[in-house]
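As provided, work_6.cif (mmCIF, C-alpha atoms) reads as follows.
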data_start
loop_
_atom_site.group_PDB
_atom_site.id
_atom_site.type_symbol
_atom_site.label_atom_id
_atom_site.label_comp_id
_atom_site.auth_asym_id
_atom_site.auth_seq_id
_atom_site.Cartn_x
_atom_site.Cartn_y
_atom_site.Cartn_z
ATOM 1 C CA ALA A 1 3.467 21.348 -0.091
ATOM 2 C CA ARG A 2 -0.138 22.257 -0.955
ATOM 3 C CA GLU A 3 -0.706 18.721 -2.237
ATOM 4 C CA ALA A 4 0.720 17.336 1.006
ATOM 5 C CA VAL A 5 -1.617 19.528 3.072
ATOM 6 C CA SER A 6 -4.616 18.463 0.976
ATOM 7 C CA ALA A 7 -3.721 14.787 1.262
ATOM 8 C CA GLU A 8 -3.257 15.016 5.025
ATOM 9 C CA ARG A 9 -6.564 16.815 5.507
ATOM 10 C CA ALA A 10 -8.306 14.084 3.511
ATOM 11 C CA ARG A 11 -6.624 11.440 5.673
ATOM 12 C CA ILE A 12 -7.718 13.203 8.872
ATOM 13 C CA ALA A 13 -11.272 13.484 7.537
ATOM 14 C CA ARG A 14 -11.352 9.772 6.756
ATOM 15 C CA GLU A 15 -10.265 8.953 10.300
ATOM 16 C CA LEU A 16 -12.693 11.355 11.957
ATOM 17 C CA HIS A 17 -15.494 10.065 9.731
ATOM 18 C CA ASP A 18 -15.602 6.715 11.502
ATOM 19 C CA ILE A 19 -15.470 8.378 14.923
ATOM 20 C CA VAL A 20 -18.352 10.745 14.116
ATOM 21 C CA VAL A 21 -20.500 8.014 12.564
ATOM 22 C CA HIS A 22 -19.948 5.777 15.591
ATOM 23 C CA GLY A 23 -20.921 8.562 17.997
ATOM 24 C CA VAL A 24 -24.081 9.493 16.129
ATOM 25 C CA SER A 25 -25.028 5.819 15.785
ATOM 26 C CA VAL A 26 -24.699 5.277 19.548
ATOM 27 C CA MET A 27 -26.871 8.334 20.283
ATOM 28 C CA THR A 28 -29.483 7.108 17.810
ATOM 29 C CA MET A 29 -29.610 3.611 19.294
ATOM 30 C CA ARG A 30 -29.823 4.938 22.852
ATOM 31 C CA THR A 31 -32.681 7.226 21.836
ATOM 32 C CA GLY A 32 -34.527 4.303 20.295
ATOM 33 C CA GLY A 33 -33.986 2.281 23.437
ATOM 34 C CA VAL A 34 -35.507 4.991 25.642
ATOM 35 C CA ARG A 35 -38.473 5.337 23.262
ATOM 36 C CA LEU A 36 -39.229 1.612 23.544
ATOM 37 C CA MET A 37 -39.119 1.823 27.347
ATOM 38 C CA LEU A 38 -41.892 4.424 27.477
ATOM 39 C CA GLY A 39 -45.463 3.262 27.770
ATOM 40 C CA GLN A 40 -48.311 4.201 25.444
ATOM 41 C CA GLU A 41 -49.433 6.827 27.938
ATOM 42 C CA ARG A 42 -46.269 8.786 27.042
ATOM 43 C CA GLN A 43 -47.171 9.064 23.372
ATOM 44 C CA ALA A 44 -46.019 12.670 23.007
ATOM 45 C CA GLU A 45 -42.581 11.822 24.364
ATOM 46 C CA ARG A 46 -42.414 8.707 22.164
ATOM 47 C CA GLU A 47 -43.117 10.783 19.072
ATOM 48 C CA ILE A 48 -40.392 13.291 19.966
ATOM 49 C CA LEU A 49 -37.850 10.526 20.482
ATOM 50 C CA ALA A 50 -38.932 8.833 17.263
ATOM 51 C CA THR A 51 -38.196 12.061 15.405
ATOM 52 C CA VAL A 52 -34.766 12.328 17.042
ATOM 53 C CA GLU A 53 -34.062 8.691 16.187
ATOM 54 C CA ALA A 54 -35.049 9.142 12.544
ATOM 55 C CA THR A 55 -32.978 12.310 12.266
ATOM 56 C CA GLY A 56 -29.965 10.498 13.697
ATOM 57 C CA ARG A 57 -30.283 7.679 11.173
ATOM 58 C CA GLU A 58 -30.557 10.183 8.329
ATOM 59 C CA ALA A 59 -27.486 12.027 9.636
ATOM 60 C CA VAL A 60 -25.449 8.808 9.703
ATOM 61 C CA GLU A 61 -26.416 8.023 6.117
ATOM 62 C CA GLU A 62 -25.627 11.555 4.939
ATOM 63 C CA LEU A 63 -22.237 11.381 6.663
ATOM 64 C CA ARG A 64 -21.462 8.142 4.888
ATOM 65 C CA LEU A 65 -22.461 9.522 1.498
ATOM 66 C CA MET A 66 -20.614 12.817 1.953
ATOM 67 C CA LEU A 67 -17.410 11.624 3.563
ATOM 68 C CA ASN A 68 -17.031 8.496 1.455
ATOM 69 C CA LEU A 69 -16.077 10.928 -1.300
ATOM 70 C CA LEU A 70 -12.873 11.477 0.640
ATOM 71 C CA ARG A 71 -11.968 7.828 0.579
ATOM 72 C CA GLY A 72 -9.327 6.963 -1.967
ATOM 73 C CA PRO A 73 -8.448 3.644 -3.563
ATOM 74 C CA GLU A 74 -5.844 3.060 -0.850
ATOM 75 C CA THR A 75 -8.481 2.392 1.810
ATOM 76 C CA ASP A 76 -11.070 -0.365 2.054
ATOM 77 C CA GLY A 77 -13.594 1.829 3.840
ATOM 78 C CA THR A 78 -12.453 1.154 7.381
ATOM 79 C CA VAL A 79 -9.952 3.074 9.497
ATOM 80 C CA PRO A 80 -8.182 1.281 12.350
ATOM 81 C CA LEU A 81 -8.683 3.448 15.413
ATOM 82 C CA ALA A 82 -5.680 4.035 17.628
ATOM 83 C CA GLY A 83 -4.942 6.135 20.683
ATOM 84 C CA LEU A 84 -2.314 6.818 23.289
ATOM 85 C CA ASP A 85 -3.228 3.554 25.011
ATOM 86 C CA ARG A 86 -1.330 1.888 22.143
ATOM 87 C CA LEU A 87 1.800 3.967 22.643
ATOM 88 C CA ASP A 88 3.828 1.042 23.971
ATOM 89 C CA GLU A 89 2.810 -1.015 20.952
ATOM 90 C CA LEU A 90 3.952 1.796 18.649
ATOM 91 C CA ALA A 91 7.242 2.067 20.531
ATOM 92 C CA GLY A 92 7.765 -1.646 20.060
ATOM 93 C CA GLN A 93 7.178 -1.387 16.321
ATOM 94 C CA MET A 94 9.643 1.476 16.012
ATOM 95 C CA SER A 95 12.205 -0.356 18.134
ATOM 96 C CA ALA A 96 11.945 -3.315 15.789
ATOM 97 C CA ALA A 97 12.682 -0.901 12.934
ATOM 98 C CA GLY A 98 15.885 0.287 14.605
ATOM 99 C CA LEU A 99 14.992 3.075 17.032
ATOM 100 C CA THR A 100 15.602 2.848 20.758
ATOM 101 C CA VAL A 101 12.373 4.295 22.138
ATOM 102 C CA LYS A 102 11.739 5.283 25.734
ATOM 103 C CA THR A 103 8.250 6.407 26.798
ATOM 104 C CA GLU A 104 7.341 8.545 29.792
ATOM 105 C CA ILE A 105 3.909 9.501 31.148
ATOM 106 C CA ARG A 106 3.720 12.599 33.316
ATOM 107 C CA GLY A 107 0.657 13.573 35.275
ATOM 108 C CA GLU A 108 -2.559 11.642 35.776
ATOM 109 C CA PRO A 109 -3.953 10.285 32.497
ATOM 110 C CA VAL A 110 -7.526 11.372 31.732
ATOM 111 C CA PRO A 111 -10.009 10.079 29.148
ATOM 112 C CA LEU A 112 -9.533 11.871 25.833
ATOM 113 C CA PRO A 113 -12.103 12.568 23.106
ATOM 114 C CA PRO A 114 -11.657 9.877 20.412
ATOM 115 C CA GLY A 115 -10.669 12.330 17.681
ATOM 116 C CA LEU A 116 -8.037 14.035 19.817
ATOM 117 C CA ASP A 117 -6.744 10.707 21.130
ATOM 118 C CA LEU A 118 -6.300 9.411 17.580
ATOM 119 C CA SER A 119 -4.582 12.611 16.419
ATOM 120 C CA ALA A 120 -2.224 12.548 19.416
ATOM 121 C CA TYR A 121 -1.225 9.004 18.481
ATOM 122 C CA ARG A 122 -0.681 10.033 14.851
ATOM 123 C CA ILE A 123 1.491 12.997 15.874
ATOM 124 C CA VAL A 124 3.789 10.742 17.895
ATOM 125 C CA GLN A 125 3.791 8.157 15.114
ATOM 126 C CA GLU A 126 4.770 10.738 12.499
ATOM 127 C CA ALA A 127 7.480 12.212 14.723
ATOM 128 C CA LEU A 128 9.032 8.770 15.270
ATOM 129 C CA THR A 129 8.814 7.978 11.568
ATOM 130 C CA ASN A 130 10.585 11.241 10.756
ATOM 131 C CA THR A 131 13.303 10.421 13.282
ATOM 132 C CA LEU A 132 13.921 7.032 11.740
ATOM 133 C CA LYS A 133 13.943 8.539 8.255
ATOM 134 C CA HIS A 134 16.262 11.463 8.940
ATOM 135 C CA ALA A 135 18.371 10.425 11.940
ATOM 136 C CA GLY A 136 18.610 6.693 11.499
ATOM 137 C CA PRO A 137 18.614 4.148 14.366
ATOM 138 C CA THR A 138 19.089 6.604 17.205
ATOM 139 C CA GLU A 139 17.646 6.959 20.717
ATOM 140 C CA VAL A 140 14.296 8.702 21.183
ATOM 141 C CA THR A 141 12.295 9.738 24.229
ATOM 142 C CA VAL A 142 8.530 10.160 23.943
ATOM 143 C CA THR A 143 6.932 12.110 26.789
ATOM 144 C CA VAL A 144 3.169 12.436 27.215
ATOM 145 C CA GLY A 145 2.124 15.016 29.761
ATOM 146 C CA TYR A 146 -1.332 15.423 31.277
ATOM 147 C CA ARG A 147 -1.750 18.903 32.735
ATOM 148 C CA PRO A 148 -4.881 20.821 33.733
ATOM 149 C CA GLY A 149 -6.573 21.786 30.493
ATOM 150 C CA GLU A 150 -3.930 20.491 28.098
ATOM 151 C CA LEU A 151 -2.123 17.472 26.718
ATOM 152 C CA THR A 152 1.560 17.775 25.802
ATOM 153 C CA LEU A 153 3.444 15.487 23.458
ATOM 154 C CA GLU A 154 7.217 15.663 23.168
ATOM 155 C CA VAL A 155 9.460 13.516 20.998
ATOM 156 C CA VAL A 156 13.203 14.140 21.353
ATOM 157 C CA ASP A 157 15.941 12.198 19.593
ATOM 158 C CA ARG A 158 19.688 12.245 20.239
ATOM 159 C CA GLY A 159 20.623 13.176 16.705
ATOM 160 C CA PRO A 160 21.572 11.397 13.493
ATOM 161 C CA THR A 161 23.837 8.390 13.624
ATOM 162 C CA GLY A 162 25.291 9.155 10.209
ATOM 163 C CA PRO A 163 25.000 11.490 7.204
ATOM 164 C CA PRO A 164 23.151 13.386 5.891
ATOM 165 C CA PRO A 165 22.648 16.136 8.521
ATOM 166 C CA ARG A 166 19.180 17.587 8.947
ATOM 167 C CA ALA A 167 20.068 21.283 9.234
ATOM 168 C CA GLY A 168 17.401 23.410 7.606
ATOM 169 C CA GLU A 169 15.309 20.407 6.578
ATOM 170 C CA SER A 170 11.559 20.528 7.090
ATOM 171 C CA GLY A 171 10.001 17.723 5.076
ATOM 172 C CA TYR A 172 6.348 16.909 4.539
ATOM 173 C CA GLY A 173 6.121 14.841 7.717
ATOM 174 C CA LEU A 174 5.748 18.055 9.679
ATOM 175 C CA VAL A 175 2.831 19.076 7.463
ATOM 176 C CA GLY A 176 0.639 16.312 8.859
ATOM 177 C CA MET A 177 1.544 17.156 12.442
ATOM 178 C CA ARG A 178 0.784 20.851 11.913
ATOM 179 C CA GLU A 179 -2.617 20.038 10.398
ATOM 180 C CA ARG A 180 -3.595 17.785 13.289
ATOM 181 C CA VAL A 181 -2.425 20.260 15.924
ATOM 182 C CA ALA A 182 -4.215 23.144 14.202
ATOM 183 C CA LEU A 183 -7.417 21.095 14.030
ATOM 184 C CA PHE A 184 -7.655 21.140 17.823
ATOM 185 C CA GLY A 185 -6.395 24.696 18.312
ATOM 186 C CA GLY A 186 -3.034 23.592 19.667
ATOM 187 C CA THR A 187 0.551 24.645 19.097
ATOM 188 C CA LEU A 188 3.491 22.833 17.526
ATOM 189 C CA SER A 189 7.166 23.652 17.890
ATOM 190 C CA THR A 190 9.994 21.782 16.182
ATOM 191 C CA GLY A 191 13.732 22.259 15.930
ATOM 192 C CA PRO A 192 17.177 21.169 17.066
ATOM 193 C CA VAL A 193 18.078 21.033 20.749
ATOM 194 C CA PRO A 194 21.340 22.547 22.104
ATOM 195 C CA GLU A 195 22.782 19.237 23.262
ATOM 196 C CA GLY A 196 22.210 17.688 19.851
ATOM 197 C CA GLY A 197 19.226 16.009 18.315
ATOM 198 C CA PHE A 198 15.778 17.194 17.321
ATOM 199 C CA ARG A 199 12.610 17.961 19.272
ATOM 200 C CA VAL A 200 8.941 17.896 18.311
ATOM 201 C CA ARG A 201 6.585 19.364 20.913
ATOM 202 C CA ALA A 202 2.818 19.603 20.552
ATOM 203 C CA VAL A 203 0.370 21.127 23.030
ATOM 204 C CA LEU A 204 -3.295 20.226 22.597
ATOM 205 C CA PRO A 205 -5.973 21.929 24.690
ATOM 206 C CA LEU A 206 -8.461 19.680 26.474
#
Kindly transcribe the structure held in the file into structure tokens.
Amino acid sequence: AREAVSAERARIARELHDIVVHGVSVMTMRTGGVRLMLGQERQAEREILATVEATGREAVEELRLMLNLLRGPETDGTVPLAGLDRLDELAGQMSAAGLTVKTEIRGEPVPLPPGLDLSAYRIVQEALTNTLKHAGPTEVTVTVGYRPGELTLEVVDRGPTGPPPRAGESGYGLVGMRERVALFGGTLSTGPVPEGGFRVRAVLPL
């Protein structure tokens, strides 16, 4: 279990690495653009922005050097970014694998920070993968709820279509979900539902 936690934290760090580097790079480029727009009469301001620009470039390089240590041989140095806007695509992939997936959006969607958006996608992805692994080709409902100050994710299946039963089973799939939820100060609840099946519910503060 400790190895699973360590591996999942390294995976999360690899994903967030690209998001952080992109953000710092954008800030650095925008700063350089403003500096070039200022005339020579604004020399003091130009020097301040030049310092910010140089610091940003150094920060990007340090991030690459530090976080590349987390990259294992299984990755080529790039992480495909995903978010809840690709939920229908994910549902289609899982349906092709045997699940019957229904998606529901409740509330008015709002822009999400890239790191949280990616983790929300991964939580749903892991929950669906666990369902396919432990319940077989069953029916699943994925509900994404946008409420004031929080994002809710709920994945509920109708139960296994054959043996073995899942009573008392936890599995390492839940480890990754717990790590991602904890990263953003959220809560995760999992367990069987009275009418049969299994529920995963995550609440992430915005």
Problem - Selected residue, from A:Glu89, A:Glu53, A:Glu41, A:Glu47, that lies nearest to A:Val26 when counting only C-alpha atoms - result: A:Glu53
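Counting from atom CA of A:Thr103, the distance to atom CA of A:Ile123 is 14.4 Å.
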Practice task
Mind checking which residues fall within 7 Å of A:Ala82, counting all atoms listed in the file, ignoring those fewer than 3 positions away in the same chain, and posting them as a ChimeraX atom specification?
Solution key: /A:86,118,121
Take the selection from the previous step and output its residues with C-alpha atoms, as a PDB file, in the coordinates of the input.
ATOM      1  CA  ARG A  86      -1.330   1.888  22.143  1.00  0.00           C
ATOM      2  CA  LEU A 118      -6.300   9.411  17.580  1.00  0.00           C
ATOM      3  CA  TYR A 121      -1.225   9.004  18.481  1.00  0.00           C
TER       4      TYR A 121
END
Exercise for the section: Starting from the displayed file, determine the output of the PyMOL selection byres ((chain A and resi 157) around 12) and express the residue list as a PyMOL selection string. Expected result: chain A and resi 99-102+127-132+134-143+154-156+158-161+190-201
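As for atom CA of A:Ser119 and atom CA of A:Ser95, they are spaced 21.3 Å apart.
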Completion exercise
Separating atom CA of A:Val175 from atom CA of A:Val5, to the nearest tenth of an Å, is a gap of 6.3 Å
With the file shown as input, list the residues that the PyMOL selection byres ((chain A and resi 149) around 8) selects, as a PDB file with C-alpha atoms, in the coordinates of the input.
ATOM      1  CA  ARG A 147      -1.750  18.903  32.735  1.00  0.00           C
ATOM      2  CA  PRO A 148      -4.881  20.821  33.733  1.00  0.00           C
ATOM      3  CA  GLU A 150      -3.930  20.491  28.098  1.00  0.00           C
ATOM      4  CA  LEU A 151      -2.123  17.472  26.718  1.00  0.00           C
ATOM      5  CA  PRO A 205      -5.973  21.929  24.690  1.00  0.00           C
ATOM      6  CA  LEU A 206      -8.461  19.680  26.474  1.00  0.00           C
TER       7      LEU A 206
END
Exercise for the section: Extract, using only C-alpha atoms, all DNA, RNA and protein residues at most 12 Å from A:Gly33, discarding same-chain residues fewer than 2 positions from it, and format them as a PyMOL selection string. Expected result: chain A and resi 26-31+35-38+46+49-50+52-53
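Neighbours of A:Asp85 closer than or equal to 12 Å, with only C-alpha atoms counted and sequence neighbours fewer than 5 positions away skipped, come out as Leu90, Ala91, Thr103, Ile105, Pro109, Val110, Pro111, Leu112, Pro114, Asp117, Leu118, Ala120, Tyr121 and Val144 of chain A.
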Taking C-alpha atoms for each residue, export the selection above as an mmCIF file, in the frame of the given file.
data_model
loop_
_atom_site.group_PDB
_atom_site.id
_atom_site.type_symbol
_atom_site.label_atom_id
_atom_site.label_comp_id
_atom_site.auth_asym_id
_atom_site.auth_seq_id
_atom_site.Cartn_x
_atom_site.Cartn_y
_atom_site.Cartn_z
ATOM 1 C CA LEU A 90 3.952 1.796 18.649
ATOM 2 C CA ALA A 91 7.242 2.067 20.531
ATOM 3 C CA THR A 103 8.250 6.407 26.798
ATOM 4 C CA ILE A 105 3.909 9.501 31.148
ATOM 5 C CA PRO A 109 -3.953 10.285 32.497
ATOM 6 C CA VAL A 110 -7.526 11.372 31.732
ATOM 7 C CA PRO A 111 -10.009 10.079 29.148
ATOM 8 C CA LEU A 112 -9.533 11.871 25.833
ATOM 9 C CA PRO A 114 -11.657 9.877 20.412
ATOM 10 C CA ASP A 117 -6.744 10.707 21.130
ATOM 11 C CA LEU A 118 -6.300 9.411 17.580
ATOM 12 C CA ALA A 120 -2.224 12.548 19.416
ATOM 13 C CA TYR A 121 -1.225 9.004 18.481
ATOM 14 C CA VAL A 144 3.169 12.436 27.215
#
Practice task
On this file, the PyMOL selection byres ((chain A and resi 202) around 8) gives some set of residues; write that set as JSON, numbers by chain.
Solution key: {"A": [152, 153, 154, 181, 186, 187, 188, 189, 200, 201, 203, 204]}
Can those selected residues be exported to a file as a PDB file, in the frame of the given file so that it contains C-alpha atoms?
ATOM      1  CA  THR A 152       1.560  17.775  25.802  1.00  0.00           C
ATOM      2  CA  LEU A 153       3.444  15.487  23.458  1.00  0.00           C
ATOM      3  CA  GLU A 154       7.217  15.663  23.168  1.00  0.00           C
ATOM      4  CA  VAL A 181      -2.425  20.260  15.924  1.00  0.00           C
ATOM      5  CA  GLY A 186      -3.034  23.592  19.667  1.00  0.00           C
ATOM      6  CA  THR A 187       0.551  24.645  19.097  1.00  0.00           C
ATOM      7  CA  LEU A 188       3.491  22.833  17.526  1.00  0.00           C
ATOM      8  CA  SER A 189       7.166  23.652  17.890  1.00  0.00           C
ATOM      9  CA  VAL A 200       8.941  17.896  18.311  1.00  0.00           C
ATOM     10  CA  ARG A 201       6.585  19.364  20.913  1.00  0.00           C
ATOM     11  CA  VAL A 203       0.370  21.127  23.030  1.00  0.00           C
ATOM     12  CA  LEU A 204      -3.295  20.226  22.597  1.00  0.00           C
TER      13      LEU A 204
END
